[in-house]
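**Q** Provided herewith: entry-v2.cif, mmCIF, all heavy atoms.
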```
data_final
loop_
_atom_site.label_atom_id
_atom_site.label_comp_id
_atom_site.auth_asym_id
_atom_site.auth_seq_id
_atom_site.Cartn_x
_atom_site.Cartn_y
_atom_site.Cartn_z
N MET A 1 79.08 102.65 99.62
CA MET A 1 79.30 102.46 101.05
C MET A 1 78.02 102.78 101.82
O MET A 1 77.77 102.17 102.84
CB MET A 1 80.44 103.38 101.49
CG MET A 1 81.09 103.00 102.77
SD MET A 1 82.16 101.56 102.80
CE MET A 1 83.56 102.08 101.89
N VAL A 2 77.23 103.70 101.33
CA VAL A 2 76.02 104.11 102.02
C VAL A 2 75.03 102.95 102.16
O VAL A 2 74.27 102.88 103.10
CB VAL A 2 75.35 105.30 101.28
CG1 VAL A 2 74.03 105.66 101.91
CG2 VAL A 2 76.29 106.49 101.27
N GLU A 3 75.08 102.01 101.22
CA GLU A 3 74.14 100.90 101.23
C GLU A 3 74.44 99.87 102.31
O GLU A 3 73.58 99.05 102.63
CB GLU A 3 74.12 100.23 99.86
CG GLU A 3 73.59 101.15 98.78
CD GLU A 3 73.61 100.53 97.41
OE1 GLU A 3 73.81 99.31 97.30
OE2 GLU A 3 73.42 101.27 96.45
N LEU A 4 75.64 99.89 102.88
CA LEU A 4 75.99 98.95 103.94
C LEU A 4 75.34 99.38 105.25
O LEU A 4 75.37 100.55 105.61
CB LEU A 4 77.50 98.92 104.17
CG LEU A 4 78.37 98.13 103.21
CD1 LEU A 4 79.82 98.29 103.60
CD2 LEU A 4 78.00 96.67 103.19
N SER A 5 74.80 98.41 105.96
CA SER A 5 74.29 98.71 107.30
C SER A 5 75.49 98.97 108.21
O SER A 5 76.63 98.60 107.90
CB SER A 5 73.48 97.54 107.84
OG SER A 5 74.32 96.42 108.11
N ASP A 6 75.24 99.60 109.34
CA ASP A 6 76.32 99.85 110.30
C ASP A 6 76.98 98.55 110.72
O ASP A 6 78.21 98.46 110.79
CB ASP A 6 75.77 100.57 111.53
CG ASP A 6 75.32 102.00 111.24
OD1 ASP A 6 75.62 102.51 110.14
OD2 ASP A 6 74.67 102.59 112.11
N GLU A 7 76.18 97.54 110.98
CA GLU A 7 76.72 96.24 111.41
C GLU A 7 77.59 95.62 110.31
O GLU A 7 78.69 95.12 110.59
CB GLU A 7 75.58 95.30 111.77
CG GLU A 7 76.06 93.96 112.28
CD GLU A 7 74.93 93.01 112.66
OE1 GLU A 7 73.76 93.45 112.67
OE2 GLU A 7 75.23 91.86 112.95
N MET A 8 77.12 95.69 109.07
CA MET A 8 77.90 95.14 107.96
C MET A 8 79.21 95.90 107.77
O MET A 8 80.25 95.32 107.47
CB MET A 8 77.09 95.17 106.67
CG MET A 8 76.02 94.11 106.59
SD MET A 8 76.68 92.46 106.37
CE MET A 8 77.38 92.61 104.74
N LEU A 9 79.16 97.20 107.95
CA LEU A 9 80.35 98.03 107.82
C LEU A 9 81.39 97.64 108.87
O LEU A 9 82.56 97.42 108.56
CB LEU A 9 79.99 99.51 107.95
CG LEU A 9 81.15 100.49 107.93
CD1 LEU A 9 81.94 100.41 106.63
CD2 LEU A 9 80.63 101.90 108.15
N LEU A 10 80.96 97.52 110.12
CA LEU A 10 81.88 97.14 111.19
C LEU A 10 82.42 95.73 110.97
O LEU A 10 83.62 95.48 111.16
CB LEU A 10 81.19 97.26 112.55
CG LEU A 10 80.91 98.68 113.01
CD1 LEU A 10 80.05 98.66 114.26
CD2 LEU A 10 82.19 99.45 113.25
N ASP A 11 81.56 94.82 110.57
CA ASP A 11 82.00 93.45 110.29
C ASP A 11 83.03 93.43 109.15
O ASP A 11 84.04 92.72 109.23
CB ASP A 11 80.81 92.55 109.93
CG ASP A 11 79.93 92.22 111.12
OD1 ASP A 11 80.36 92.44 112.28
OD2 ASP A 11 78.80 91.74 110.88
N SER A 12 82.78 94.21 108.12
CA SER A 12 83.69 94.28 106.98
C SER A 12 85.04 94.83 107.41
O SER A 12 86.09 94.34 106.98
CB SER A 12 83.10 95.16 105.88
OG SER A 12 81.92 94.59 105.38
N TYR A 13 85.00 95.84 108.25
CA TYR A 13 86.24 96.45 108.75
C TYR A 13 87.07 95.44 109.54
O TYR A 13 88.26 95.25 109.29
CB TYR A 13 85.89 97.66 109.61
CG TYR A 13 87.06 98.28 110.31
CD1 TYR A 13 88.00 99.03 109.62
CD2 TYR A 13 87.23 98.14 111.68
CE1 TYR A 13 89.08 99.61 110.26
CE2 TYR A 13 88.30 98.71 112.34
CZ TYR A 13 89.22 99.44 111.62
OH TYR A 13 90.30 100.01 112.26
N HIS A 14 86.42 94.76 110.46
CA HIS A 14 87.13 93.77 111.28
C HIS A 14 87.68 92.63 110.42
O HIS A 14 88.81 92.19 110.62
CB HIS A 14 86.21 93.20 112.37
CG HIS A 14 85.87 94.20 113.42
ND1 HIS A 14 86.76 94.65 114.37
CD2 HIS A 14 84.72 94.87 113.66
CE1 HIS A 14 86.19 95.54 115.14
NE2 HIS A 14 84.94 95.70 114.74
N ARG A 15 86.89 92.19 109.46
CA ARG A 15 87.32 91.10 108.58
C ARG A 15 88.47 91.53 107.69
O ARG A 15 89.41 90.76 107.46
CB ARG A 15 86.13 90.64 107.72
CG ARG A 15 86.38 89.39 106.98
CD ARG A 15 86.21 88.19 107.90
NE ARG A 15 86.27 87.00 107.07
CZ ARG A 15 87.08 85.99 107.30
NH1 ARG A 15 87.85 85.99 108.36
NH2 ARG A 15 87.10 84.96 106.50
N ALA A 16 88.44 92.77 107.21
CA ALA A 16 89.52 93.28 106.38
C ALA A 16 90.84 93.30 107.15
O ALA A 16 91.90 92.97 106.61
CB ALA A 16 89.18 94.68 105.87
N ILE A 17 90.76 93.65 108.42
CA ILE A 17 91.97 93.65 109.26
C ILE A 17 92.46 92.22 109.46
O ILE A 17 93.66 91.95 109.33
CB ILE A 17 91.69 94.35 110.60
CG1 ILE A 17 91.50 95.85 110.37
CG2 ILE A 17 92.83 94.10 111.59
CD1 ILE A 17 91.04 96.61 111.57
N GLU A 18 91.54 91.31 109.77
CA GLU A 18 91.92 89.90 109.97
C GLU A 18 92.60 89.32 108.74
O GLU A 18 93.54 88.52 108.86
CB GLU A 18 90.68 89.06 110.29
CG GLU A 18 90.09 89.31 111.65
CD GLU A 18 88.76 88.58 111.84
OE1 GLU A 18 88.36 87.80 110.95
OE2 GLU A 18 88.12 88.82 112.88
N LEU A 19 92.13 89.71 107.56
CA LEU A 19 92.65 89.16 106.31
C LEU A 19 93.85 89.94 105.77
O LEU A 19 94.38 89.62 104.71
CB LEU A 19 91.54 89.14 105.25
CG LEU A 19 90.38 88.21 105.55
CD1 LEU A 19 89.27 88.41 104.52
CD2 LEU A 19 90.84 86.75 105.57
N HIS A 20 94.26 90.97 106.51
CA HIS A 20 95.40 91.81 106.11
C HIS A 20 95.21 92.37 104.69
O HIS A 20 96.13 92.33 103.88
CB HIS A 20 96.71 91.03 106.20
CG HIS A 20 96.95 90.44 107.55
ND1 HIS A 20 97.35 91.20 108.63
CD2 HIS A 20 96.82 89.17 108.01
CE1 HIS A 20 97.47 90.42 109.68
NE2 HIS A 20 97.15 89.18 109.34
N LEU A 21 94.02 92.90 104.44
CA LEU A 21 93.74 93.49 103.13
C LEU A 21 94.48 94.82 103.01
O LEU A 21 95.10 95.30 103.96
CB LEU A 21 92.23 93.68 102.96
CG LEU A 21 91.39 92.40 102.97
CD1 LEU A 21 89.93 92.72 102.70
CD2 LEU A 21 91.91 91.37 101.96
N GLU A 22 94.42 95.40 101.83
CA GLU A 22 95.14 96.65 101.55
C GLU A 22 94.81 97.74 102.57
O GLU A 22 93.65 97.94 102.92
CB GLU A 22 94.79 97.16 100.15
CG GLU A 22 95.32 96.30 99.04
CD GLU A 22 96.83 96.38 98.93
OE1 GLU A 22 97.42 97.46 99.18
OE2 GLU A 22 97.44 95.35 98.59
N HIS A 23 95.83 98.44 102.98
CA HIS A 23 95.69 99.51 103.95
C HIS A 23 94.70 100.58 103.46
O HIS A 23 93.90 101.09 104.22
CB HIS A 23 97.05 100.12 104.24
CG HIS A 23 97.02 101.30 105.18
ND1 HIS A 23 96.19 101.38 106.27
CD2 HIS A 23 97.72 102.45 105.18
CE1 HIS A 23 96.38 102.52 106.89
NE2 HIS A 23 97.29 103.19 106.25
N ASP A 24 94.75 100.90 102.17
CA ASP A 24 93.85 101.92 101.62
C ASP A 24 92.39 101.50 101.75
O ASP A 24 91.52 102.33 102.02
CB ASP A 24 94.18 102.20 100.16
CG ASP A 24 95.50 102.93 99.98
OD1 ASP A 24 96.01 103.51 100.97
OD2 ASP A 24 96.02 102.94 98.85
N PHE A 25 92.11 100.23 101.54
CA PHE A 25 90.74 99.72 101.67
C PHE A 25 90.28 99.80 103.12
O PHE A 25 89.17 100.25 103.42
CB PHE A 25 90.65 98.29 101.16
CG PHE A 25 89.28 97.68 101.32
CD1 PHE A 25 88.20 98.15 100.57
CD2 PHE A 25 89.07 96.65 102.22
CE1 PHE A 25 86.93 97.60 100.73
CE2 PHE A 25 87.80 96.09 102.37
CZ PHE A 25 86.74 96.57 101.63
N ILE A 26 91.14 99.40 104.03
CA ILE A 26 90.81 99.45 105.45
C ILE A 26 90.61 100.90 105.88
O ILE A 26 89.68 101.22 106.63
CB ILE A 26 91.91 98.76 106.29
CG1 ILE A 26 91.93 97.26 105.98
CG2 ILE A 26 91.69 99.01 107.79
CD1 ILE A 26 93.09 96.51 106.59
N ALA A 27 91.44 101.80 105.38
CA ALA A 27 91.30 103.22 105.70
C ALA A 27 89.97 103.77 105.19
O ALA A 27 89.34 104.60 105.85
CB ALA A 27 92.47 104.01 105.13
N LEU A 28 89.54 103.31 104.02
CA LEU A 28 88.26 103.73 103.47
C LEU A 28 87.11 103.29 104.38
O LEU A 28 86.20 104.06 104.68
CB LEU A 28 88.08 103.14 102.07
CG LEU A 28 86.81 103.48 101.34
CD1 LEU A 28 86.77 104.95 100.99
CD2 LEU A 28 86.70 102.64 100.08
N LEU A 29 87.17 102.04 104.83
CA LEU A 29 86.15 101.55 105.76
C LEU A 29 86.17 102.34 107.06
O LEU A 29 85.12 102.73 107.59
CB LEU A 29 86.37 100.06 106.04
CG LEU A 29 86.18 99.11 104.87
CD1 LEU A 29 86.63 97.70 105.26
CD2 LEU A 29 84.74 99.09 104.40
N LEU A 30 87.35 102.59 107.56
CA LEU A 30 87.48 103.34 108.81
C LEU A 30 86.95 104.76 108.67
O LEU A 30 86.28 105.27 109.58
CB LEU A 30 88.94 103.37 109.27
CG LEU A 30 89.22 104.02 110.61
CD1 LEU A 30 88.42 103.36 111.72
CD2 LEU A 30 90.70 103.95 110.92
N ALA A 31 87.19 105.38 107.54
CA ALA A 31 86.67 106.73 107.31
C ALA A 31 85.15 106.73 107.35
O ALA A 31 84.53 107.64 107.92
CB ALA A 31 87.17 107.27 105.97
N GLU A 32 84.54 105.71 106.76
CA GLU A 32 83.07 105.62 106.78
C GLU A 32 82.57 105.35 108.20
O GLU A 32 81.55 105.90 108.62
CB GLU A 32 82.60 104.52 105.83
CG GLU A 32 81.10 104.41 105.73
CD GLU A 32 80.39 105.61 105.12
OE1 GLU A 32 81.04 106.41 104.41
OE2 GLU A 32 79.17 105.76 105.33
N ILE A 33 83.28 104.54 108.96
CA ILE A 33 82.91 104.26 110.35
C ILE A 33 82.93 105.57 111.15
O ILE A 33 82.01 105.87 111.91
CB ILE A 33 83.86 103.22 110.98
CG1 ILE A 33 83.57 101.85 110.37
CG2 ILE A 33 83.73 103.19 112.50
CD1 ILE A 33 84.60 100.78 110.70
N ARG A 34 83.97 106.34 110.96
CA ARG A 34 84.08 107.63 111.67
C ARG A 34 82.99 108.60 111.22
O ARG A 34 82.44 109.33 112.03
CB ARG A 34 85.46 108.22 111.46
CG ARG A 34 86.53 107.47 112.19
CD ARG A 34 87.88 108.06 111.94
NE ARG A 34 88.89 107.41 112.77
CZ ARG A 34 90.17 107.35 112.47
NH1 ARG A 34 90.62 107.92 111.36
NH2 ARG A 34 91.01 106.74 113.27
N LYS A 35 82.72 108.62 109.92
CA LYS A 35 81.68 109.49 109.38
C LYS A 35 80.33 109.21 110.03
O LYS A 35 79.54 110.11 110.30
CB LYS A 35 81.59 109.30 107.87
CG LYS A 35 80.55 110.10 107.16
CD LYS A 35 80.59 109.82 105.66
CE LYS A 35 79.37 110.36 104.97
NZ LYS A 35 79.32 109.95 103.56
N ARG A 36 80.07 107.92 110.29
CA ARG A 36 78.81 107.51 110.90
C ARG A 36 78.85 107.58 112.43
O ARG A 36 77.91 107.22 113.11
CB ARG A 36 78.47 106.08 110.49
CG ARG A 36 78.24 105.90 109.02
CD ARG A 36 77.81 104.50 108.72
NE ARG A 36 77.80 104.21 107.30
CZ ARG A 36 77.29 103.12 106.77
NH1 ARG A 36 76.74 102.20 107.54
NH2 ARG A 36 77.33 102.92 105.47
N ASN A 37 79.98 107.99 112.98
CA ASN A 37 80.17 108.07 114.43
C ASN A 37 79.95 106.73 115.12
O ASN A 37 79.38 106.64 116.20
CB ASN A 37 79.24 109.13 115.05
CG ASN A 37 79.63 110.53 114.66
OD1 ASN A 37 80.80 110.87 114.63
ND2 ASN A 37 78.65 111.33 114.31
N LEU A 38 80.45 105.68 114.46
CA LEU A 38 80.38 104.34 115.06
C LEU A 38 81.66 104.11 115.85
O LEU A 38 82.67 104.77 115.64
CB LEU A 38 80.25 103.28 113.96
CG LEU A 38 79.04 103.42 113.04
CD1 LEU A 38 79.09 102.37 111.95
CD2 LEU A 38 77.75 103.32 113.83
N HIS A 39 81.62 103.15 116.72
CA HIS A 39 82.78 102.86 117.55
C HIS A 39 83.15 101.40 117.39
O HIS A 39 82.30 100.52 117.37
CB HIS A 39 82.48 103.16 119.02
CG HIS A 39 82.11 104.59 119.23
ND1 HIS A 39 83.04 105.62 119.22
CD2 HIS A 39 80.91 105.19 119.40
CE1 HIS A 39 82.42 106.76 119.40
NE2 HIS A 39 81.12 106.53 119.52
N SER A 40 84.44 101.18 117.28
CA SER A 40 84.95 99.83 117.13
C SER A 40 86.23 99.72 117.95
O SER A 40 87.11 100.57 117.85
CB SER A 40 85.24 99.54 115.66
OG SER A 40 85.83 98.30 115.53
N PRO A 41 86.41 98.66 118.73
CA PRO A 41 87.60 98.52 119.56
C PRO A 41 88.89 98.36 118.76
O PRO A 41 89.97 98.49 119.27
CB PRO A 41 87.32 97.28 120.40
CG PRO A 41 86.25 96.54 119.69
CD PRO A 41 85.47 97.56 118.93
N VAL A 42 88.79 98.10 117.46
CA VAL A 42 89.97 97.87 116.64
C VAL A 42 90.44 99.15 115.97
O VAL A 42 91.41 99.16 115.24
CB VAL A 42 89.69 96.77 115.59
CG1 VAL A 42 90.94 96.38 114.84
CG2 VAL A 42 89.11 95.53 116.26
N HIS A 43 89.79 100.29 116.21
CA HIS A 43 90.18 101.54 115.56
C HIS A 43 91.66 101.85 115.72
O HIS A 43 92.27 102.40 114.82
CB HIS A 43 89.38 102.72 116.15
CG HIS A 43 88.04 102.89 115.54
ND1 HIS A 43 86.90 102.82 116.28
CD2 HIS A 43 87.65 103.10 114.27
CE1 HIS A 43 85.87 103.00 115.49
NE2 HIS A 43 86.28 103.16 114.27
N ALA A 44 92.25 101.48 116.83
CA ALA A 44 93.63 101.83 117.11
C ALA A 44 94.60 101.18 116.12
O ALA A 44 95.73 101.63 116.00
CB ALA A 44 93.99 101.41 118.53
N VAL A 45 94.18 100.17 115.40
CA VAL A 45 95.05 99.45 114.48
C VAL A 45 95.67 100.38 113.43
O VAL A 45 96.81 100.23 113.04
CB VAL A 45 94.30 98.29 113.79
CG1 VAL A 45 95.11 97.69 112.67
CG2 VAL A 45 93.92 97.24 114.81
N LEU A 46 94.93 101.36 112.97
CA LEU A 46 95.41 102.22 111.89
C LEU A 46 95.89 103.59 112.35
O LEU A 46 96.19 104.43 111.54
CB LEU A 46 94.30 102.40 110.84
CG LEU A 46 93.92 101.14 110.10
CD1 LEU A 46 92.78 101.41 109.14
CD2 LEU A 46 95.10 100.58 109.33
N HIS A 47 96.00 103.82 113.63
CA HIS A 47 96.42 105.14 114.10
C HIS A 47 97.92 105.29 114.05
O HIS A 47 98.70 104.48 114.16
CB HIS A 47 95.92 105.38 115.53
CG HIS A 47 94.45 105.61 115.55
ND1 HIS A 47 93.88 106.84 115.30
CD2 HIS A 47 93.42 104.77 115.78
CE1 HIS A 47 92.58 106.74 115.39
NE2 HIS A 47 92.27 105.50 115.67
#
```
Go ahead and express the file in the form of structure tokens.

**A**
Amino acid sequence: MVELSDEMLLDSYHRAIELHLEHDFIALLLAEIRKRNLHSPVHAVLH
């Protein structure tokens, strides 16, 4: 996950939600987004 740029991470997160991928995978992406203190308007999807 560290090798992904911030932009790629956010894009991957949004795309995973659009494609209705596994919740665990999306949660993993979201955890990394939070770890990096990034902000995404779709964060509320998993709350």

**Q** How far is it from CD2 of Leu38 (chain A) to atom C of Asp6 (chain A), in Å with one decimal?

**A** 5.7 Å

**Q** Within chain A, find each residue whose DSSP state, derived from the backbone, is alpha helix (DSSP H), and express the selection as a VMD selection string.

**A** chain A and resid 6 to 18 23 to 35

**Q** Could you state the separation of CA of Glu3 (chain A) and CB of Glu32 (chain A) in Å, given to one decimal place?

**A**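 Going from CA of Glu3 (chain A) over to CB of Glu32 (chain A) covers 10.3 Å.
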
**Q** In Å, with one decimal, what is the gap from CA of Glu18 (chain A) to CA of Ile33 (chain A)?

**A**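 The value is 17.0 Å.
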
**Q** For Val2 (chain A), which residue among A:Arg36, A:Ile26, A:His14, A:His20 is the nearest when counting only C-alpha atoms?

**A**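 Going through A:Arg36, A:Ile26, A:His14, A:His20 one by one, the smallest distance to Val2 (chain A) is for A:Arg36.
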
**Q** Compile the contact shell of Leu4 (chain A) as a list in words: residues with an atom at most 6 Å away, counting all atoms listed in the file, same-chain residues fewer than 4 positions apart removed.

**A**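 Near Leu4 (chain A), the qualifying residues are Met8, Leu9, Ser12, Leu29 and Arg36 of chain A.
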